[in-house]
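One file, input.cif, carrying mmCIF, C-alpha atoms:
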data_query
#
loop_
_atom_site.label_atom_id
_atom_site.label_comp_id
_atom_site.auth_asym_id
_atom_site.auth_seq_id
_atom_site.Cartn_x
_atom_site.Cartn_y
_atom_site.Cartn_z
CA MET A 111 -60.60 77.23 -53.51
CA ASN A 112 -64.26 76.21 -53.75
CA LEU A 113 -66.29 75.02 -50.75
CA LEU A 114 -66.20 71.32 -51.69
CA LYS A 115 -62.45 71.35 -52.19
CA SER A 116 -61.93 73.16 -48.88
CA PHE A 117 -64.06 70.53 -47.13
CA LEU A 118 -62.08 67.67 -48.68
CA VAL A 119 -58.74 69.19 -47.67
CA TYR A 120 -60.02 69.82 -44.13
CA SER A 121 -61.31 66.23 -43.89
CA ALA A 122 -57.98 64.88 -45.09
CA LEU A 123 -56.13 66.92 -42.45
CA LEU A 124 -58.44 65.60 -39.74
CA SER A 125 -57.89 62.05 -40.95
CA THR A 126 -54.12 62.51 -41.01
CA THR A 127 -54.13 64.04 -37.53
CA ALA A 128 -56.27 61.20 -36.16
CA THR A 129 -54.04 58.57 -37.75
CA PHE A 130 -50.91 60.20 -36.34
CA ALA A 131 -52.45 60.38 -32.88
CA THR A 132 -53.36 56.70 -33.03
CA GLN A 133 -49.87 55.69 -34.15
CA THR A 134 -48.16 57.64 -31.39
CA THR A 135 -50.31 56.31 -28.53
CA THR A 136 -50.78 52.63 -29.33
CA ASN A 137 -47.52 51.62 -27.57
CA VAL A 138 -48.61 52.94 -24.16
CA VAL A 139 -49.30 49.99 -21.84
CA ALA A 140 -50.42 51.72 -18.64
CA THR A 141 -50.46 55.12 -16.95
CA GLN A 142 -51.02 56.82 -13.60
CA ASN A 143 -51.36 60.62 -13.46
CA PHE A 144 -53.36 60.66 -10.19
CA GLU A 145 -56.18 62.73 -11.72
CA SER A 146 -58.72 60.05 -10.74
CA PHE A 147 -57.91 60.89 -7.10
CA GLU A 148 -59.25 64.44 -7.47
CA THR A 149 -61.56 65.47 -4.61
CA ASN A 150 -62.47 68.81 -3.12
CA GLN A 151 -59.67 68.40 -0.58
CA SER A 152 -56.33 70.15 -0.95
CA TRP A 153 -54.56 66.96 0.12
CA TYR A 154 -55.46 63.71 1.83
CA LEU A 155 -54.19 60.20 2.63
CA SER A 156 -55.47 57.18 0.74
CA ASP A 157 -54.36 54.11 -1.20
CA PHE A 158 -54.99 52.27 -4.48
CA GLY A 159 -57.34 49.66 -3.04
CA LEU A 160 -54.69 46.95 -2.83
CA GLN A 161 -54.50 45.42 0.64
CA GLY A 162 -53.24 41.99 1.64
CA GLU A 163 -52.48 39.45 -1.05
CA ASN A 164 -53.14 40.56 -4.62
CA SER A 165 -52.85 38.80 -7.95
CA ARG A 166 -50.57 40.34 -10.58
CA GLU A 167 -53.63 41.15 -12.71
CA ASP A 168 -54.93 43.52 -10.01
CA TYR A 169 -52.14 46.05 -10.51
CA VAL A 170 -53.28 47.44 -13.86
CA SER A 171 -56.98 48.18 -14.22
CA ASP A 172 -59.17 47.46 -17.24
CA ASP A 173 -58.73 51.07 -18.33
CA SER A 174 -54.91 50.71 -18.11
CA GLU A 175 -54.48 52.67 -14.89
CA ILE A 176 -51.52 51.61 -12.76
CA ASN A 177 -52.32 50.66 -9.16
CA PHE A 178 -49.70 50.30 -6.43
CA ASP A 179 -49.43 48.53 -3.12
CA ILE A 180 -47.77 50.60 -0.40
CA SER A 181 -45.26 49.76 2.31
CA TRP A 182 -43.01 51.63 4.71
CA THR A 183 -39.34 51.95 3.77
CA LYS A 184 -36.65 50.33 5.93
CA ARG A 185 -35.53 53.75 7.21
CA THR A 186 -39.10 54.54 8.20
CA ARG A 187 -39.55 51.20 9.99
CA ASN A 188 -36.35 51.87 11.94
CA HIS A 189 -37.60 55.33 12.86
CA LEU A 190 -40.99 53.89 13.81
CA ALA A 191 -39.31 51.28 16.03
CA ASP A 192 -37.26 53.97 17.79
CA ARG A 193 -40.34 56.13 18.36
CA LEU A 194 -42.52 53.32 19.72
CA GLY A 195 -39.95 51.47 21.84
CA TYR A 196 -39.38 48.39 19.64
CA SER A 197 -36.04 46.98 18.63
CA ARG A 198 -35.31 47.63 14.98
CA SER A 199 -35.07 43.91 14.26
CA GLU A 200 -38.61 43.45 15.57
CA MET A 201 -40.09 46.07 13.24
CA THR A 202 -40.82 43.89 10.22
CA LYS A 203 -43.01 45.00 7.34
CA GLU A 204 -45.87 42.98 8.78
CA LEU A 205 -45.57 44.51 12.26
CA ALA A 206 -45.20 48.03 10.92
CA ASN A 207 -48.26 47.60 8.70
CA SER A 208 -50.30 46.19 11.60
CA ILE A 209 -49.40 49.17 13.79
CA CYS A 210 -50.13 51.68 11.04
CA GLU A 211 -51.33 50.78 7.58
CA PRO A 212 -49.24 52.79 5.10
CA LYS A 213 -51.04 55.38 3.00
CA ILE A 214 -49.90 57.68 0.22
CA GLU A 215 -50.53 61.41 0.17
CA PHE A 216 -52.45 62.82 -2.81
CA GLY A 217 -52.81 66.54 -3.28
CA LYS A 218 -53.16 69.47 -5.61
CA ALA A 219 -49.82 70.50 -7.08
CA SER A 220 -50.38 74.06 -5.89
CA VAL A 221 -50.33 72.89 -2.24
CA TYR A 222 -46.72 71.82 -2.70
CA ARG A 223 -45.80 74.87 -4.83
CA ALA A 224 -45.29 72.44 -7.67
CA GLY A 225 -47.79 73.60 -10.25
CA SER A 226 -51.47 74.26 -10.85
CA ARG A 227 -54.26 73.52 -8.41
CA ASP A 228 -55.90 71.64 -11.30
CA ASN A 229 -53.16 69.01 -11.31
CA MET A 230 -53.12 66.11 -8.84
CA ILE A 231 -49.80 64.63 -7.73
CA ALA A 232 -48.54 62.17 -5.09
CA GLU A 233 -45.90 62.43 -2.38
CA LEU A 234 -43.62 59.57 -1.24
CA ASP A 235 -43.34 60.92 2.31
CA THR A 236 -46.74 60.56 3.88
CA ASP A 237 -48.29 61.03 7.33
CA LEU A 238 -49.06 58.96 10.43
CA GLN A 239 -51.91 61.04 11.79
CA HIS A 240 -54.45 58.41 10.70
CA CYS A 241 -52.80 56.05 13.19
CA GLY A 242 -52.81 58.45 16.10
CA ILE A 243 -49.04 59.01 15.96
CA SER A 244 -48.07 62.66 16.09
CA GLY A 245 -44.86 64.66 16.23
CA ASN A 246 -41.96 64.23 13.83
CA GLU A 247 -43.73 61.55 11.78
CA PRO A 248 -41.57 58.84 10.19
CA ALA A 249 -43.39 58.36 6.94
CA ASN A 250 -41.40 57.48 3.82
CA ILE A 251 -43.07 54.87 1.65
CA ARG A 252 -42.32 52.54 -1.21
CA ILE A 253 -44.97 52.00 -3.89
CA ARG A 254 -44.95 48.83 -5.99
CA SER A 255 -46.83 47.61 -9.04
CA PHE A 256 -46.61 44.80 -11.58
CA ILE A 257 -46.87 45.73 -15.25
CA PRO A 258 -48.03 43.15 -17.84
CA THR A 259 -45.16 42.66 -20.28
CA LYS A 260 -44.27 40.40 -23.20
CA ILE A 261 -41.15 38.33 -22.62
CA GLY A 262 -38.41 39.44 -24.99
CA TYR A 263 -39.81 42.94 -25.53
CA LYS A 264 -38.34 46.19 -24.25
CA TYR A 265 -40.38 48.59 -22.15
CA LYS A 266 -39.79 52.11 -20.88
CA VAL A 267 -41.23 53.67 -17.74
CA LYS A 268 -41.49 57.47 -17.78
CA PHE A 269 -42.22 59.70 -14.79
CA ASP A 270 -41.91 63.23 -13.45
CA TYR A 271 -40.41 63.94 -10.03
CA LYS A 272 -39.11 66.73 -7.83
CA MET A 273 -38.21 67.30 -4.19
CA ARG A 274 -39.95 69.69 -1.79
CA SER A 275 -37.97 72.60 -0.42
CA TYR A 276 -38.51 73.51 3.23
CA GLY A 277 -36.87 75.25 6.17
CA GLY A 278 -34.48 73.14 8.18
CA MET A 279 -33.38 71.02 5.23
CA THR A 280 -29.95 69.39 5.43
CA GLU A 281 -27.84 67.79 2.74
CA LYS A 282 -29.13 64.42 3.99
CA SER A 283 -32.81 65.35 3.84
CA TYR A 284 -32.97 63.92 0.33
CA ARG A 285 -30.80 61.21 -1.06
CA ASN A 286 -32.35 59.77 -4.22
CA LEU A 287 -35.50 58.66 -5.89
CA ILE A 288 -35.01 54.90 -6.28
CA VAL A 289 -36.77 53.37 -9.28
CA ARG A 290 -36.74 49.68 -10.05
CA PHE A 291 -38.33 48.34 -13.21
CA GLY A 292 -37.94 44.64 -13.90
CA SER A 293 -34.27 43.77 -13.38
CA GLU A 294 -33.09 47.38 -13.71
CA LEU A 295 -32.58 49.73 -10.77
CA GLU A 296 -31.50 53.37 -10.94
CA LYS A 297 -30.98 56.17 -8.44
CA PHE A 298 -32.13 59.62 -9.54
CA ASP A 299 -30.51 62.67 -7.96
CA PRO A 300 -32.52 65.33 -6.15
CA VAL A 301 -34.07 68.13 -8.24
CA PHE A 302 -35.90 71.10 -6.71
CA ASN A 303 -36.86 73.89 -9.11
CA ALA A 304 -39.31 72.07 -11.38
CA PHE A 305 -40.47 68.57 -12.22
CA SER A 306 -37.83 66.56 -14.05
CA SER A 307 -38.99 64.02 -16.65
CA ARG A 308 -36.95 60.84 -16.57
CA SER A 309 -37.20 57.29 -17.87
CA LEU A 310 -35.84 53.78 -17.34
CA GLU A 311 -35.83 51.06 -19.99
CA VAL A 312 -35.96 47.33 -19.32
CA LEU A 313 -35.92 44.06 -21.23
CA ALA A 314 -38.88 42.02 -19.99
CA THR A 315 -38.07 38.46 -18.90
CA ARG A 316 -41.36 37.83 -17.11
CA LYS A 317 -45.04 38.16 -17.94
CA PHE A 318 -45.27 40.82 -15.24
CA SER A 319 -42.43 43.26 -14.57
CA LYS A 320 -42.12 44.79 -11.11
CA LEU A 321 -42.21 48.59 -10.89
CA VAL A 322 -41.08 50.19 -7.61
CA LEU A 323 -40.62 53.86 -6.66
CA ARG A 324 -39.04 54.68 -3.31
CA ASP A 325 -37.85 57.74 -1.39
CA ASN A 326 -34.66 56.90 0.51
CA GLY A 327 -34.34 60.27 2.22
CA ILE A 328 -34.94 61.10 5.87
CA PRO A 329 -38.50 60.34 7.05
CA ASP A 330 -39.51 63.89 7.96
CA SER A 331 -42.93 64.43 6.36
CA TYR A 332 -41.40 66.10 3.29
CA GLY A 333 -41.07 63.62 0.46
CA ILE A 334 -40.44 63.31 -3.24
CA LEU A 335 -43.31 64.45 -5.46
CA ILE A 336 -44.36 62.13 -8.29
CA ASP A 337 -46.52 62.68 -11.38
CA ASN A 338 -47.28 61.35 -14.85
CA ILE A 339 -46.11 57.75 -14.60
CA SER A 340 -46.45 55.83 -17.86
CA VAL A 341 -45.14 52.58 -19.30
CA GLU A 342 -44.77 52.07 -23.02
CA GLU A 343 -43.79 49.12 -25.15
CA VAL A 344 -40.64 49.92 -27.12
CA GLY A 345 -40.56 46.76 -29.25
CA LYS A 346 -38.87 43.39 -29.62
CA ASN A 347 -35.32 42.94 -28.41
CA HIS A 348 -32.82 42.85 -31.28
CA ASN A 349 -32.29 39.07 -30.96
CA TYR A 350 -35.94 38.11 -30.35
CA ASP A 351 -36.54 36.39 -33.70
CA ALA A 352 -33.25 34.49 -33.59
CA CYS A 353 -34.00 33.26 -30.06
CA GLU A 354 -37.52 32.26 -31.10
CA GLU A 355 -35.94 30.06 -33.77
CA MET A 356 -34.22 28.11 -30.99
CA PHE A 357 -36.58 28.21 -28.01
CA ASN A 358 -40.25 28.45 -27.23
CA VAL A 359 -41.10 31.98 -26.05
CA GLY A 360 -41.32 32.12 -22.28
CA THR A 361 -39.06 29.17 -21.56
CA LYS A 362 -35.91 29.50 -19.47
CA GLY A 363 -33.78 28.94 -22.56
CA PHE A 364 -35.55 31.78 -24.39
CA ARG A 365 -35.03 34.14 -21.46
CA LYS A 366 -31.33 33.26 -21.29
CA CYS A 367 -31.08 33.75 -25.04
CA ILE A 368 -32.62 37.22 -25.17
CA GLU A 369 -30.34 38.25 -22.31
CA GLY A 370 -27.39 37.33 -24.54
CA GLU A 371 -26.20 34.32 -22.55
CA ILE A 372 -26.62 31.83 -25.42
CA ASP A 373 -24.98 32.05 -28.83
CA LEU A 374 -27.44 32.54 -31.67
CA GLY A 375 -27.87 30.28 -34.70
CA GLN A 376 -27.52 26.99 -32.84
CA GLU A 377 -29.59 23.92 -33.63
CA CYS A 378 -29.74 20.71 -31.62
CA ASP A 379 -28.21 17.61 -33.12
CA PHE A 380 -30.32 14.44 -32.89
CA SER A 381 -27.21 12.36 -33.45
CA ASN A 382 -25.62 13.82 -30.32
CA LEU A 383 -27.14 12.41 -27.15
CA SER A 384 -25.80 15.34 -25.11
CA ASP A 385 -28.11 17.65 -27.11
CA LEU A 386 -31.18 15.62 -26.22
CA HIS A 387 -33.41 15.01 -23.25
CA VAL A 388 -34.60 11.40 -23.27
CA LEU A 389 -37.37 10.36 -20.90
CA TYR A 390 -37.57 6.56 -20.89
CA ARG A 391 -40.40 4.78 -19.12
CA PRO A 392 -39.93 1.06 -19.68
CA GLY A 393 -42.98 -1.15 -19.70
CA LYS A 394 -43.23 -4.79 -18.66
CA GLY A 395 -40.64 -7.42 -19.43
CA VAL A 396 -37.49 -5.37 -20.10
CA VAL A 397 -34.22 -6.80 -18.78
CA ALA A 398 -31.44 -4.44 -17.69
CA SER A 399 -29.22 -5.09 -20.73
CA ARG A 400 -31.95 -3.72 -23.03
CA LYS A 401 -32.51 -0.45 -21.14
CA ASN A 402 -29.59 1.55 -22.57
CA VAL A 403 -31.27 4.66 -24.04
CA SER A 404 -28.25 5.52 -26.21
CA ASN A 405 -29.01 2.38 -28.23
CA ALA A 406 -32.11 4.08 -29.64
CA PHE A 407 -29.80 6.25 -31.76
CA ILE A 408 -27.55 3.48 -33.10
CA ASP A 409 -28.04 3.38 -36.87
CA GLU A 410 -27.68 -0.36 -37.53
CA VAL A 411 -29.79 -3.18 -38.90
CA SER A 412 -30.73 -6.24 -36.88
CA THR A 413 -27.92 -8.63 -35.98
CA THR A 414 -29.02 -11.77 -34.14
CA GLY A 415 -27.63 -11.80 -30.64
CA LYS A 416 -26.49 -8.15 -30.72
CA ILE A 417 -28.32 -5.73 -28.43
CA ASN A 418 -28.14 -2.60 -30.55
CA PHE A 419 -31.61 -1.36 -29.61
CA LEU A 420 -33.70 0.02 -26.76
CA SER A 421 -36.59 -2.18 -25.62
CA LEU A 422 -39.68 -0.15 -24.72
CA GLY A 423 -41.34 -2.98 -22.83
CA LEU A 424 -45.02 -3.79 -23.07
CA ARG A 425 -46.89 -0.44 -22.94
CA GLY A 426 -43.64 1.41 -22.30
CA LYS A 427 -42.54 4.56 -24.11
CA VAL A 428 -39.68 6.92 -24.79
CA ALA A 429 -40.01 10.69 -25.23
CA ILE A 430 -37.21 12.62 -26.93
CA SER A 431 -36.83 16.39 -26.94
CA CYS A 432 -34.17 18.80 -28.06
CA ARG A 433 -31.84 20.86 -25.86
CA ILE A 434 -29.49 23.73 -26.57
CA ASN A 435 -26.93 24.67 -23.92
CA GLY A 436 -28.87 22.41 -21.56
CA TYR A 437 -32.19 24.22 -22.02
CA SER A 438 -35.34 22.75 -23.54
CA ALA A 439 -35.55 23.87 -27.16
CA SER A 440 -37.62 23.26 -30.28
CA TYR A 441 -36.39 21.65 -33.48
CA PRO A 442 -37.35 22.85 -37.00
CA VAL A 443 -38.74 19.81 -38.84
CA PHE A 444 -40.15 21.26 -42.05
CA GLY A 445 -38.37 19.65 -45.00
CA LYS A 446 -36.67 17.07 -42.81
CA THR A 447 -37.27 13.30 -42.66
CA LEU A 448 -37.67 11.26 -39.47
CA GLU A 449 -36.20 7.76 -39.53
CA LEU A 450 -36.37 4.94 -36.98
CA ARG A 451 -36.39 1.16 -37.05
CA GLU A 452 -37.87 -1.80 -35.18
CA ILE A 453 -35.37 -4.57 -34.43
CA THR A 454 -36.38 -8.24 -34.27
CA TRP A 455 -33.91 -11.08 -34.56
CA GLY A 456 -34.25 -14.00 -36.96
CA ASN A 457 -36.91 -14.57 -39.59
CA GLN A 458 -39.85 -13.27 -37.59
CA ASN A 459 -42.56 -11.03 -39.01
CA MET A 460 -45.70 -9.23 -37.81
CA GLN A 461 -47.77 -12.40 -38.08
CA SER A 462 -45.37 -14.72 -36.25
CA TYR A 463 -43.95 -12.23 -33.73
CA PRO A 464 -46.01 -9.04 -33.54
CA GLU A 465 -44.36 -5.93 -32.07
CA GLN A 466 -45.84 -2.50 -32.64
CA ALA A 467 -45.49 1.15 -31.63
CA LYS A 468 -47.26 4.45 -32.25
CA VAL A 469 -45.08 7.40 -33.25
CA ARG A 470 -46.33 10.80 -32.14
CA VAL A 471 -44.90 14.30 -32.42
CA LYS A 472 -45.78 17.42 -30.46
CA LEU A 473 -45.46 20.41 -32.77
CA GLU A 474 -45.58 24.17 -32.32
CA SER A 475 -45.26 27.30 -34.47
CA CYS A 476 -46.80 25.57 -37.50
CA ASP A 477 -48.19 27.93 -40.15
CA GLU A 478 -51.10 25.50 -40.39
CA GLU A 479 -52.67 26.03 -36.98
CA SER A 480 -54.38 22.62 -36.88
CA LEU A 481 -50.98 20.88 -36.83
CA ASN A 482 -49.91 22.52 -33.58
CA GLY A 483 -50.14 20.04 -30.72
CA VAL A 484 -49.88 16.24 -30.69
CA ASN A 485 -50.00 14.40 -34.01
CA THR A 486 -49.84 10.62 -34.52
CA ILE A 487 -47.78 10.24 -37.67
CA ALA A 488 -47.23 6.49 -37.95
CA THR A 489 -47.66 2.98 -36.58
CA VAL A 490 -44.48 0.92 -36.94
CA GLN A 491 -44.48 -2.90 -36.81
CA THR A 492 -42.08 -5.81 -36.57
CA LYS A 493 -38.86 -5.23 -38.61
CA GLU A 494 -40.24 -2.11 -40.25
CA LYS A 495 -38.20 1.02 -40.90
CA LEU A 496 -40.08 4.32 -40.71
CA THR A 497 -39.17 7.09 -43.13
CA TYR A 498 -41.50 10.03 -42.59
CA SER A 499 -41.14 13.29 -44.50
CA PHE A 500 -42.22 16.51 -42.79
CA SER A 501 -43.29 18.20 -46.00
CA GLU A 502 -47.03 17.65 -45.71
CA ASN A 503 -49.31 15.19 -43.91
CA GLU A 504 -51.72 12.68 -45.42
CA GLU A 505 -54.36 15.40 -45.65
CA GLY A 506 -52.08 17.59 -47.71
CA LYS A 507 -51.43 20.10 -44.89
CA SER A 508 -47.97 21.63 -45.05
CA TYR A 509 -45.57 21.35 -42.14
CA SER A 510 -44.19 24.80 -42.98
CA GLY A 511 -42.94 26.58 -39.86
CA CYS A 512 -43.41 23.54 -37.63
CA ARG A 513 -41.01 22.98 -34.78
CA LEU A 514 -40.74 19.73 -32.84
CA LYS A 515 -41.29 20.01 -29.13
CA LYS A 516 -41.29 16.28 -28.41
CA LEU A 517 -41.03 12.94 -30.23
CA VAL A 518 -42.78 10.02 -28.51
CA VAL A 519 -42.59 6.34 -29.43
CA LYS A 520 -45.08 4.25 -27.44
CA ASP A 521 -45.39 0.49 -27.43
CA VAL A 522 -48.81 -0.87 -28.47
CA THR A 523 -47.76 -4.47 -29.03
CA PRO A 524 -50.78 -6.82 -29.08
CA LYS A 525 -50.93 -9.89 -26.90
CA GLY A 526 -48.64 -12.58 -28.24
CA PRO A 527 -45.17 -14.09 -27.91
CA SER A 528 -43.29 -10.78 -27.41
CA LYS A 529 -42.22 -10.32 -23.79
CA ASP A 530 -40.53 -6.91 -23.97
CA GLY A 531 -42.44 -5.11 -26.71
CA PHE A 532 -41.09 -2.78 -29.40
CA ASP A 533 -37.29 -2.73 -29.87
CA LEU A 534 -36.15 0.68 -31.17
CA ASN A 535 -33.04 2.02 -32.89
CA SER A 536 -31.85 4.29 -35.74
CA VAL A 537 -33.74 7.37 -34.49
CA LYS A 538 -32.57 10.40 -36.48
CA PHE A 539 -33.64 13.33 -38.65
CA VAL A 540 -32.11 13.79 -42.06
CA ASP A 541 -32.31 16.75 -44.41
#

Full structure transcribed into structure tokens:
Amino acid sequence: MNLLKSFLVYSALLSTTATFATQTTTNVVATQNFESFETNQSWYLSDFGLQGENSREDYVSDDSEINFDISWTKRTRNHLADRLGYSRSEMTKELANSICEPKIEFGKASVYRAGSRDNMIAELDTDLQHCGISGNEPANIRIRSFIPTKIGYKYKVKFDYKMRSYGGMTEKSYRNLIVRFGSELEKFDPVFNAFSSRSLEVLATRKFSKLVLRDNGIPDSYGILIDNISVEEVGKNHNYDACEEMFNVGTKGFRKCIEGEIDLGQECDFSNLSDLHVLYRPGKGVVASRKNVSNAFIDEVSTTGKINFLSLGLRGKVAISCRINGYSASYPVFGKTLELREITWGNQNMQSYPEQAKVRVKLESCDEESLNGVNTIATVQTKEKLTYSFSENEEGKSYSGCRLKKLVVKDVTPKGPSKDGFDLNSVKFVD
């Protein structure tokens, strides 16, 4: 093989290796391996810089390092109360923290007979010496973080843990490592010989998912050792796309859907009032008999003397949105036609009896980005029937992908003989 060919093959191998490395690491969201806490000390007490109130954004640094706040466990607070002469009910988190601010113990793995002196780890049973409390220190802690997550995606937290062996241990010295991630909680049994690598997977239903690790053993200064915490994004939940077809991502309906509490493939029915949320704000001049919102969906022409319409009132409006299983949803409008009608009795027209309304739609998920948001699609006048096709707008922009968040009809009747403004009925979408 000549030199040039050897170089090309070698370059290709490097490129392939680099590509593979990139593909296998891009799903990692955040990590904490405690190496940034390396000092010349064998072990020491410290924290992650989170005291008092913290925003969710503070828990993962710009370089994707997980930070934790620290608090004493309930068993430790009870032990602390007994040692210091308080009743257990008095020893709240706030009181315990004011007496002794909780710290976590960082140290070289070799100090704990848990590996190399070049590896930093953390222990979930810490020390009270920094608070002037000596003796059989009650010192188990809970560490908590908040991981940025995408609603509807699955995430997996991975970690290594082991227990410390020591003289005087009893079967109750260690119970479990308690790990909570999002809505999932699992107890991990004690392991002693070597670090055990475990994981816990969760479906994210919030923008930030809580991550908690806790030692629920006896507070005796020998705690669970922790290392190599990482969180990775697994991918969309299996029903994500189907739920997105029904609900806006992040809404309560979407969260219920991805958790499997709502049947897939549903679509709200604009002819069924129970599927709709109607917000009616009547303007001036509307009498009680003309305030029945269900009349807005009656598909009938004008009949003198028959109140088969909803009066908006002067400067009044009605906003209509879709619901599925009682939750706010979005409605696919591409290829559909919106119809509605203005009702005026007798032989009146726009000149003799002007009534007028603006029709606006709030859209989302449109392929044409400029259509997302509020669009005024028509002005409807006395005795007119609106028939508006959601194929493309007057500028030729396609409504492909668009979903209706809200339909608003607002009275803009000019000054004149009308006392109760625009009278609406026949609201519907047709294929």

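Computed from the coordinates, the atom CA of Ser181 of chain A to atom CA of Tyr263 of chain A distance equals 29.2 Å.
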
Exercise: Phe158 of chain A partners within 7 Å, all atoms listed in the file, chain neighbours under 6 positions left out, as an mmCIF file with C-alpha atoms, keeping the file's coordinate frame:
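Now in part.cif:
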data_model
loop_
_atom_site.group_PDB
_atom_site.id
_atom_site.type_symbol
_atom_site.label_atom_id
_atom_site.label_comp_id
_atom_site.auth_asym_id
_atom_site.auth_seq_id
_atom_site.Cartn_x
_atom_site.Cartn_y
_atom_site.Cartn_z
ATOM 1 C CA ASN A 177 -52.320 50.660 -9.160
ATOM 2 C CA PHE A 178 -49.700 50.300 -6.430
ATOM 3 C CA ASP A 179 -49.430 48.530 -3.120
#

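Using all atoms listed in the file, the set of residues no farther than 8 Å from the position (-36.6, 25.9, -35.5) comprises Glu354, Glu355, Met356, Phe357, Glu377, Ser440, Tyr441, Pro442, Val443, Gly511, Cys512, Arg513 and Leu514 of chain A.
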
For C-alpha atoms, I'd like the residues from the last selection saved as an mmCIF file, in the frame of the given file.
data_model
loop_
_atom_site.group_PDB
_atom_site.id
_atom_site.type_symbol
_atom_site.label_atom_id
_atom_site.label_comp_id
_atom_site.auth_asym_id
_atom_site.auth_seq_id
_atom_site.Cartn_x
_atom_site.Cartn_y
_atom_site.Cartn_z
ATOM 1 C CA GLU A 354 -37.520 32.260 -31.100
ATOM 2 C CA GLU A 355 -35.940 30.060 -33.770
ATOM 3 C CA MET A 356 -34.220 28.110 -30.990
ATOM 4 C CA PHE A 357 -36.580 28.210 -28.010
ATOM 5 C CA GLU A 377 -29.590 23.920 -33.630
ATOM 6 C CA SER A 440 -37.620 23.260 -30.280
ATOM 7 C CA TYR A 441 -36.390 21.650 -33.480
ATOM 8 C CA PRO A 442 -37.350 22.850 -37.000
ATOM 9 C CA VAL A 443 -38.740 19.810 -38.840
ATOM 10 C CA GLY A 511 -42.940 26.580 -39.860
ATOM 11 C CA CYS A 512 -43.410 23.540 -37.630
ATOM 12 C CA ARG A 513 -41.010 22.980 -34.780
ATOM 13 C CA LEU A 514 -40.740 19.730 -32.840
#

So which residues touch Asn207 of chain A within 9 Å, counting all atoms listed in the file, skipping near sequence neighbours fewer than 4 positions away, as a list of chain:residue names?
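Contacts, in chain order: A:Ser181, A:Trp182, A:Thr202, A:Lys203, A:Glu211, A:Pro212.
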
Close residues, Thr523 of chain A itself excluded, 9 Å, only C-alpha atoms, min 2 positions apart in chain, as a ChimeraX atom specification:
/A:424-425,464-467,491,521,525-526,528,531-532

A:Ile231, A:Ile257, A:Val469, A:Ala206: which is nearest Ser165 of chain A, counting all atoms listed in the file?
A:Ile257

The distance between atom CA of Gly415 of chain A and atom CA of Arg400 of chain A is 11.9 Å

Given the PyMOL selection byres ((chain A and resi 157) around 8), the residues it picks as a list in words:
Leu155, Ser156, Phe158, Gly159, Leu160, Phe178, Asp179, Ile180, Lys213 and Ile214 of chain A

Nearest to Val428 of chain A, chosen from A:Val518, A:Leu496, A:Met460, A:Val471, with all atoms listed in the file counted in the distances:
A:Val518

Which one of A:Ser404, A:Asn418, A:Thr447, A:Thr486 sits closest to Asp541 of chain A if you count all atoms listed in the file?
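Using all atoms listed in the file, Asp541 of chain A sits closest to A:Thr447.
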
Step by step, work through what the PyMOL selection byres ((chain A and resi 186) around 9) selects in the shown file, and finish by giving those residues as a ChimeraX atom specification.
/A:182-185,187-191,248-251,328-329

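Residue nearest Arg365 of chain A within the list A:Leu420, A:Val388, A:Val403, A:Cys353: A:Cys353 [criterion: smallest interatomic distance, only C-alpha atoms].
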
What do you get, as a VMD selection string, if you spell out every residue that the PyMOL selection byres ((chain A and resi 319) around 12) selects here?
chain A and resid 166 to 167 169 to 170 254 to 267 290 to 294 311 to 318 320 to 322 341

Segment 495-504 of chain A: axis-aligned bounding box, 4 Å on each side, centre and edge lengths in Å, one decimal, as JSON:
{"center_x": -45.0, "center_y": 9.6, "center_z": -43.4, "size_x": 21.5, "size_y": 25.2, "size_z": 13.3}

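With all atoms listed in the file as the basis for measurement, A:Ser475 is the residue among A:Ser475, A:Arg285, A:Glu494, A:Cys210 that approaches Asn358 of chain A most closely.
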
Using only C-alpha atoms: which of A:Ser208, A:Ile339, A:Thr454, A:Gly162 has the shortest distance to Phe144 of chain A:
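Among A:Ser208, A:Ile339, A:Thr454, A:Gly162, it is A:Ile339 that comes nearest to Phe144 of chain A.
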
Using all atoms listed in the file, which protein or nucleic acid residues come within 9 Å of Asn137 of chain A? Drop anything in the same chain fewer than 4 positions from it, and give the result as a compact mmCIF listing (two decimals) with C-alpha atoms, keeping the file's coordinate frame.
# COMPACT_ATOMS: atom_id res chain seq x y z
CA GLN A 133 -49.87 55.69 -34.15
CA VAL A 341 -45.14 52.58 -19.30
CA GLU A 342 -44.77 52.07 -23.02
CA GLU A 343 -43.79 49.12 -25.15
CA VAL A 344 -40.64 49.92 -27.12
CA GLY A 345 -40.56 46.76 -29.25

Gap from atom CA of Ile408 of chain A to atom CA of Asn535 of chain A - Å, one decimal
5.7 Å

Please write C-alpha atoms of segment 165-178 of chain A, from the structure given just now, as a JSON list (two decimals), in the first residue's frame.
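Saved as part34.json:
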[["chain", "number", "residue", "atom", "x", "y", "z"],
["A", 165, "SER", "CA", -34.09, 29.14, 40.01],
["A", 166, "ARG", "CA", -34.41, 25.87, 38.09],
["A", 167, "GLU", "CA", -31.82, 27.12, 35.60],
["A", 168, "ASP", "CA", -29.16, 27.21, 38.34],
["A", 169, "TYR", "CA", -29.05, 23.44, 38.72],
["A", 170, "VAL", "CA", -27.26, 22.62, 35.47],
["A", 171, "SER", "CA", -24.30, 24.80, 34.57],
["A", 172, "ASP", "CA", -23.44, 26.18, 31.13],
["A", 173, "ASP", "CA", -20.98, 23.32, 30.68],
["A", 174, "SER", "CA", -23.74, 20.77, 31.52],
["A", 175, "GLU", "CA", -22.51, 19.96, 35.02],
["A", 176, "ILE", "CA", -25.23, 18.94, 37.47],
["A", 177, "ASN", "CA", -25.43, 20.96, 40.69],
["A", 178, "PHE", "CA", -27.39, 19.89, 43.75]]
